[in-house]
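Structure record follows, encoded as structure tokens.
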Amino acid sequence: MLQRRHFTALALSPVLAQAQVAKPTVLRFAWWGGAGRHEATLKAIALFEQQNPGLKIKAEYMGFNGYLERLTTQIAGGSEPDVMQINWAWLAMFSKRGNGFMDLEQQRSVLALDQFSPEDLNAGRVAGKLNALPSAYTARVFLWNKAAFDRAGVALPTTWDELFAAGPVFKAKLGDHAYPLDGELYDMILLAQAYVQQKYGTPYVDPLEPRVAMSLAAALEWVQTYRRLITEHVATPLPLRASLGGAEKPTEQQQDWVVGNWAGNFTWDSAIPLRAATLNAQQKLVLGEFPTLPGASVSGMFGRPTVMLAVGRNCKQPELAARLVNYMLTDPQAARILGKTRGVPAARSQLEALVQTNKLPAMELAAHEQIKKQRLAGRVPVPAPLFEHARLHKFMREVFETVAYGKTTDQEAARRLVEDGNALLKRIK
């Protein structure tokens, strides 16, 4: 009887062993995006699984709304995905001391870190630890509808003076409904900050300390520059945008943009295909020069990683997770599948793959080169991560909304930006 039991156990053991071998190793990968990003990412994942038999990637994807809330809950409970797409600013929320995510330096043997510039690597470091790697770098550029400017008889602006001068001409030549520039409130906040940063040499938030870097005089000019954009008919007013389907309705969905009444946009270079897609046949979108005050030491161009990939600190398969990150961000085959779904790639290997296969339209490549030139010249300082912290973002919007709706004076708005801004930064640091 004993022998029979022993024989049965021996007979079953190969089956059990085979079942154990067949059970795949699972990595969870979370991201947000639209249909195009989802489809491309799933295809790239399928290829990675083929190249790594026995590995299963569990895709957890959704739209942007609700993603941060879900990730916050997961990280707080220690159940975060193995690999996750994050915003650069979230490093300040989830990893204040550099230990919120896995230190990728621990897996540098499977990461092609040499494909990234030192600036791109530094963007993912917190307290000396490499918390994340960027998919791409994006910055604000000017897009102009040359056909609209031709109708107004105005040359494309190359200086701040020319930009402000275009407003009254558009109004006189094309009517009250025509504006040289459109943008959501945050676009205009960043545009006004660019002017002030060029003039005073400082952004709103200090990049190294949780404090307001602007003086009261600079903050006042920030508010006044925003007001000038509106009162001098340069940019579409917030109340007007709010009346046309919502203040945050994207530019490309605005009928006045489609037909060329709104002739420009200050936006991320990654948004170029969106803005171009809806223009009618009579319009012509071109990349503009970035206006810079004489003698300015910085461009005021606001740039940061588009999105980043990080590995959870509780990941049980850190090497496999790092290999997936490396594949998504540096592999040329992955680049051909993913295209520009996460921006123009930061890794040289993937950028070259897209250039060689003509997957980078001329205007987007020109914008990439414009930004790269400014960065190489040291004229695009790394912004403070706290600048895009959700609570500070909400605070800035509230202050500038009171200006937009005439509910405060410029002096009071500037005081709030400095005094209340400092108090808030101390609380969220």
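Please note that chains go A, B, ... in the order of the structure tokens, that every chain numbers its residues from 1, and that ligands are numbered from 1 in the order shown.
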Please identify the strand (DSSP E or B) residues within stretch 181-308 of chain A (assignment by DSSP from backbone atoms) and present them as a CSV table (one decimal) with N, CA, C and O atoms, in the first residue's frame.
chain,number,residue,atom,x,y,z
A,181,LEU,N,-4.7,85.1,-30.4
A,181,LEU,CA,-4.3,84.0,-29.5
A,181,LEU,C,-5.4,83.5,-28.7
A,181,LEU,O,-6.3,84.2,-28.3
A,182,ASP,N,-5.5,82.1,-28.6
A,182,ASP,CA,-6.4,81.5,-27.8
A,182,ASP,C,-5.7,80.6,-26.8
A,182,ASP,O,-4.6,80.1,-27.1
A,205,VAL,N,7.7,79.7,-8.6
A,205,VAL,CA,8.1,78.9,-7.5
A,205,VAL,C,9.6,78.6,-7.6
A,205,VAL,O,10.1,78.2,-8.7
A,212,VAL,N,7.9,80.9,-2.8
A,212,VAL,CA,7.7,81.8,-3.9
A,212,VAL,C,9.0,82.5,-4.3
A,212,VAL,O,9.6,83.1,-3.4
A,235,ALA,N,-5.6,87.9,-26.4
A,235,ALA,CA,-6.1,86.6,-26.1
A,235,ALA,C,-7.5,86.5,-25.7
A,235,ALA,O,-8.1,87.5,-25.2
A,262,TRP,N,-9.8,82.7,-34.3
A,262,TRP,CA,-8.8,82.7,-33.3
A,262,TRP,C,-7.5,82.1,-33.9
A,262,TRP,O,-7.5,81.0,-34.4
A,264,GLY,N,-4.1,81.9,-33.1
A,264,GLY,CA,-2.8,81.3,-32.5
A,264,GLY,C,-3.1,80.5,-31.2
A,264,GLY,O,-4.2,80.5,-30.7
A,265,ASN,N,-2.1,79.8,-30.8
A,265,ASN,CA,-2.2,79.0,-29.6
A,265,ASN,C,-0.9,78.9,-28.9
A,265,ASN,O,0.1,78.7,-29.6
A,266,PHE,N,-0.9,79.0,-27.6
A,266,PHE,CA,0.3,78.8,-26.8
A,266,PHE,C,0.1,77.5,-26.1
A,266,PHE,O,-0.7,77.4,-25.1
A,267,THR,N,0.8,76.4,-26.5
A,267,THR,CA,0.5,75.1,-26.0
A,267,THR,C,1.7,74.2,-26.0
A,267,THR,O,2.7,74.5,-26.5
A,268,TRP,N,1.5,73.0,-25.5
A,268,TRP,CA,2.5,72.0,-25.5
A,268,TRP,C,2.8,71.5,-27.0
A,268,TRP,O,1.9,71.5,-27.8
A,285,LEU,N,-1.5,76.3,-40.4
A,285,LEU,CA,-0.8,76.3,-39.1
A,285,LEU,C,0.7,76.2,-39.3
A,285,LEU,O,1.2,75.4,-40.1
A,286,VAL,N,1.4,77.1,-38.6
A,286,VAL,CA,2.9,77.1,-38.6
A,286,VAL,C,3.4,77.3,-37.2
A,286,VAL,O,2.7,77.8,-36.3
A,287,LEU,N,4.7,76.9,-37.0
A,287,LEU,CA,5.3,77.0,-35.7
A,287,LEU,C,5.9,78.4,-35.6
A,287,LEU,O,6.6,78.9,-36.6
A,303,GLY,N,8.9,73.8,-19.6
A,303,GLY,CA,9.0,72.5,-20.1
A,303,GLY,C,9.2,71.5,-19.0
A,303,GLY,O,9.7,71.8,-17.9
A,304,ARG,N,8.8,70.3,-19.3
A,304,ARG,CA,8.9,69.2,-18.3
A,304,ARG,C,8.7,67.8,-19.0
A,304,ARG,O,8.3,67.8,-20.2
A,305,PRO,N,9.0,66.7,-18.4
A,305,PRO,CA,8.7,65.4,-19.0
A,305,PRO,C,7.2,65.3,-19.3
A,305,PRO,O,6.4,65.8,-18.6
A,308,MET,N,6.1,59.9,-17.3
A,308,MET,CA,7.2,59.1,-16.9
A,308,MET,C,6.7,57.7,-16.5
A,308,MET,O,5.5,57.5,-16.2
Stretch 52-57 of chain A environment, 8 Å, only C-alpha atoms, sequence neighbours closer than 5 positions dropped, as a list in words: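 Neighbouring residues, sequence-local ones excluded: Ala22, Lys23, Pro24, Thr25, Val26, Leu27, Arg28, Phe29 and Ile45 of chain A.
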Using only all heavy atoms, please write the residues we just selected to a file, as a CSV table (one decimal), in the first residue's frame.
chain,number,residue,atom,x,y,z
A,22,ALA,N,3.9,26.3,-16.2
A,22,ALA,CA,3.0,26.9,-17.2
A,22,ALA,C,2.4,28.2,-16.6
A,22,ALA,O,1.9,29.1,-17.3
A,22,ALA,CB,1.9,25.9,-17.6
A,23,LYS,N,2.4,28.3,-15.3
A,23,LYS,CA,1.8,29.5,-14.6
A,23,LYS,C,2.7,30.7,-14.9
A,23,LYS,O,3.8,30.7,-14.5
A,23,LYS,CB,1.7,29.2,-13.1
A,23,LYS,CG,0.9,30.4,-12.4
A,23,LYS,CD,0.8,30.1,-10.9
A,23,LYS,CE,0.1,31.2,-10.2
A,23,LYS,NZ,-0.1,30.9,-8.7
A,24,PRO,N,2.1,31.7,-15.6
A,24,PRO,CA,3.0,32.8,-16.0
A,24,PRO,C,3.3,33.7,-14.8
A,24,PRO,O,2.6,33.8,-13.8
A,24,PRO,CB,2.1,33.5,-17.0
A,24,PRO,CG,0.7,33.2,-16.6
A,24,PRO,CD,0.7,31.8,-16.0
A,25,THR,N,4.4,34.4,-15.0
A,25,THR,CA,4.8,35.5,-14.1
A,25,THR,C,4.0,36.7,-14.5
A,25,THR,O,3.9,37.0,-15.7
A,25,THR,CB,6.3,35.8,-14.1
A,25,THR,OG1,7.0,34.6,-13.7
A,25,THR,CG2,6.6,37.0,-13.2
A,26,VAL,N,3.3,37.4,-13.6
A,26,VAL,CA,2.4,38.5,-13.9
A,26,VAL,C,3.0,39.8,-13.5
A,26,VAL,O,3.5,39.9,-12.3
A,26,VAL,CB,1.0,38.3,-13.3
A,26,VAL,CG1,0.1,39.5,-13.6
A,26,VAL,CG2,0.4,37.0,-13.9
A,27,LEU,N,3.1,40.8,-14.4
A,27,LEU,CA,3.4,42.2,-14.0
A,27,LEU,C,2.2,43.1,-14.3
A,27,LEU,O,1.6,43.0,-15.4
A,27,LEU,CB,4.6,42.7,-14.8
A,27,LEU,CG,6.0,42.2,-14.5
A,27,LEU,CD1,7.0,42.9,-15.4
A,27,LEU,CD2,6.4,42.6,-13.0
A,28,ARG,N,1.9,43.9,-13.4
A,28,ARG,CA,0.8,44.9,-13.6
A,28,ARG,C,1.4,46.2,-14.2
A,28,ARG,O,2.4,46.7,-13.6
A,28,ARG,CB,0.1,45.2,-12.3
A,28,ARG,CG,-0.7,44.0,-11.7
A,28,ARG,CD,-1.1,44.2,-10.3
A,28,ARG,NE,-1.9,45.4,-10.2
A,28,ARG,CZ,-1.9,46.2,-9.1
A,28,ARG,NH1,-1.2,45.8,-8.0
A,28,ARG,NH2,-2.6,47.3,-9.0
A,29,PHE,N,0.8,46.7,-15.2
A,29,PHE,CA,1.3,47.9,-15.9
A,29,PHE,C,0.1,48.9,-16.0
A,29,PHE,O,-0.9,48.5,-16.7
A,29,PHE,CB,1.9,47.6,-17.2
A,29,PHE,CG,2.3,48.8,-18.0
A,29,PHE,CD1,2.6,50.1,-17.4
A,29,PHE,CD2,2.6,48.7,-19.4
A,29,PHE,CE1,3.0,51.1,-18.2
A,29,PHE,CE2,3.0,49.8,-20.1
A,29,PHE,CZ,3.2,51.0,-19.5
A,45,ILE,N,2.9,45.8,-25.7
A,45,ILE,CA,3.0,44.8,-24.6
A,45,ILE,C,2.9,43.4,-25.2
A,45,ILE,O,3.7,42.5,-24.7
A,45,ILE,CB,1.8,45.0,-23.7
A,45,ILE,CG1,2.0,46.2,-22.8
A,45,ILE,CG2,1.5,43.8,-22.8
A,45,ILE,CD1,0.8,46.6,-21.9
Shell around A:Val141 at 12 Å using only C-alpha atoms, local window under 2 positions removed, as a VMD selection string: chain A and resid 138 to 139 143 to 144 187 190 to 191 194 264 to 272 286 to 291 299 to 303 363 to 364 366 to 371 374
Picked from stretch 29-157 of chain A by DSSP as alpha helix (DSSP H), as a VMD selection string: chain A and resid 35 to 51 67 to 76 91 to 94 118 to 123 146 to 152
A:Tyr186 surroundings by only C-alpha atoms, 10 Å radius, close-in-sequence under 5 positions cut, as a PyMOL selection string: chain A and resi 191-192+248+267+393+396-397+400
All residues 12 Å or closer to A:Asp114, only C-alpha atoms, same chain fewer than 5 positions away omitted, as a list in words: Arg108, Ser109, Glu119, Asp120, Leu121, Leu133, Asn326, Thr330, Ala346, Ala347, Arg348 and Ser349 of chain A
Keeping only N, CA, C and O atoms, write the selected residues to a file as a PDB file, in the first residue's frame.
ATOM      1  N   ARG A 108      20.214  49.262 -13.054  1.00  0.00           N
ATOM      2  CA  ARG A 108      20.822  49.938 -14.198  1.00  0.00           C
ATOM      3  C   ARG A 108      21.431  48.953 -15.195  1.00  0.00           C
ATOM      4  O   ARG A 108      21.635  49.285 -16.371  1.00  0.00           O
ATOM      5  N   SER A 109      21.708  47.723 -14.772  1.00  0.00           N
ATOM      6  CA  SER A 109      22.287  46.738 -15.690  1.00  0.00           C
ATOM      7  C   SER A 109      21.315  46.353 -16.804  1.00  0.00           C
ATOM      8  O   SER A 109      21.739  45.869 -17.862  1.00  0.00           O
ATOM      9  N   GLU A 119      19.978  65.797 -18.343  1.00  0.00           N
ATOM     10  CA  GLU A 119      18.851  66.606 -17.875  1.00  0.00           C
ATOM     11  C   GLU A 119      17.588  65.757 -17.725  1.00  0.00           C
ATOM     12  O   GLU A 119      16.819  65.923 -16.768  1.00  0.00           O
ATOM     13  N   ASP A 120      17.373  64.834 -18.677  1.00  0.00           N
ATOM     14  CA  ASP A 120      16.196  63.977 -18.602  1.00  0.00           C
ATOM     15  C   ASP A 120      16.294  63.013 -17.422  1.00  0.00           C
ATOM     16  O   ASP A 120      15.296  62.726 -16.748  1.00  0.00           O
ATOM     17  N   LEU A 121      17.490  62.510 -17.159  1.00  0.00           N
ATOM     18  CA  LEU A 121      17.671  61.618 -16.009  1.00  0.00           C
ATOM     19  C   LEU A 121      17.468  62.379 -14.708  1.00  0.00           C
ATOM     20  O   LEU A 121      16.824  61.884 -13.774  1.00  0.00           O
ATOM     21  N   LEU A 133      11.707  57.419 -15.255  1.00  0.00           N
ATOM     22  CA  LEU A 133      12.330  57.798 -16.523  1.00  0.00           C
ATOM     23  C   LEU A 133      11.277  58.420 -17.433  1.00  0.00           C
ATOM     24  O   LEU A 133      10.122  57.976 -17.454  1.00  0.00           O
ATOM     25  N   ASN A 326      12.430  49.681 -19.699  1.00  0.00           N
ATOM     26  CA  ASN A 326      13.471  49.889 -20.704  1.00  0.00           C
ATOM     27  C   ASN A 326      12.944  49.638 -22.116  1.00  0.00           C
ATOM     28  O   ASN A 326      13.219  50.396 -23.050  1.00  0.00           O
ATOM     29  N   THR A 330      13.026  52.718 -24.615  1.00  0.00           N
ATOM     30  CA  THR A 330      14.258  52.775 -25.412  1.00  0.00           C
ATOM     31  C   THR A 330      14.288  51.823 -26.594  1.00  0.00           C
ATOM     32  O   THR A 330      15.131  51.987 -27.479  1.00  0.00           O
ATOM     33  N   ALA A 346      12.172  60.656 -25.695  1.00  0.00           N
ATOM     34  CA  ALA A 346      13.363  61.261 -25.091  1.00  0.00           C
ATOM     35  C   ALA A 346      14.602  60.431 -25.382  1.00  0.00           C
ATOM     36  O   ALA A 346      15.697  60.979 -25.541  1.00  0.00           O
ATOM     37  N   ALA A 347      14.458  59.112 -25.464  1.00  0.00           N
ATOM     38  CA  ALA A 347      15.599  58.234 -25.724  1.00  0.00           C
ATOM     39  C   ALA A 347      16.051  58.375 -27.173  1.00  0.00           C
ATOM     40  O   ALA A 347      15.236  58.335 -28.099  1.00  0.00           O
ATOM     41  N   ARG A 348      17.359  58.520 -27.376  1.00  0.00           N
ATOM     42  CA  ARG A 348      17.892  58.715 -28.721  1.00  0.00           C
ATOM     43  C   ARG A 348      17.533  57.559 -29.650  1.00  0.00           C
ATOM     44  O   ARG A 348      17.212  57.776 -30.825  1.00  0.00           O
ATOM     45  N   SER A 349      17.590  56.332 -29.141  1.00  0.00           N
ATOM     46  CA  SER A 349      17.303  55.157 -29.969  1.00  0.00           C
ATOM     47  C   SER A 349      15.883  55.195 -30.533  1.00  0.00           C
ATOM     48  O   SER A 349      15.667  54.873 -31.710  1.00  0.00           O
TER      49      SER A 349
END
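Distance check against A:Pro203 using only C-alpha atoms: of A:Gly167, A:Pro383, A:Pro345, A:Gly245, the minimum falls on A:Pro383.
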Distance criterion (only C-alpha atoms): nearest to A:Gly406 out of A:Ala277, A:Leu238, A:Val325, A:Leu392: A:Leu238
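Summary of the local environment: counting only C-alpha atoms, residues at most 7 Å from A:Glu80, other than itself and those fewer than 4 positions away along its chain, are Leu71, Gln74, Ile75 and Gly312 of chain A.
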Two-atom distance - atom CA of A:Thr158, atom CA of A:Thr292 (Å):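 Going from atom CA of A:Thr158 over to atom CA of A:Thr292 covers 8.3 Å.
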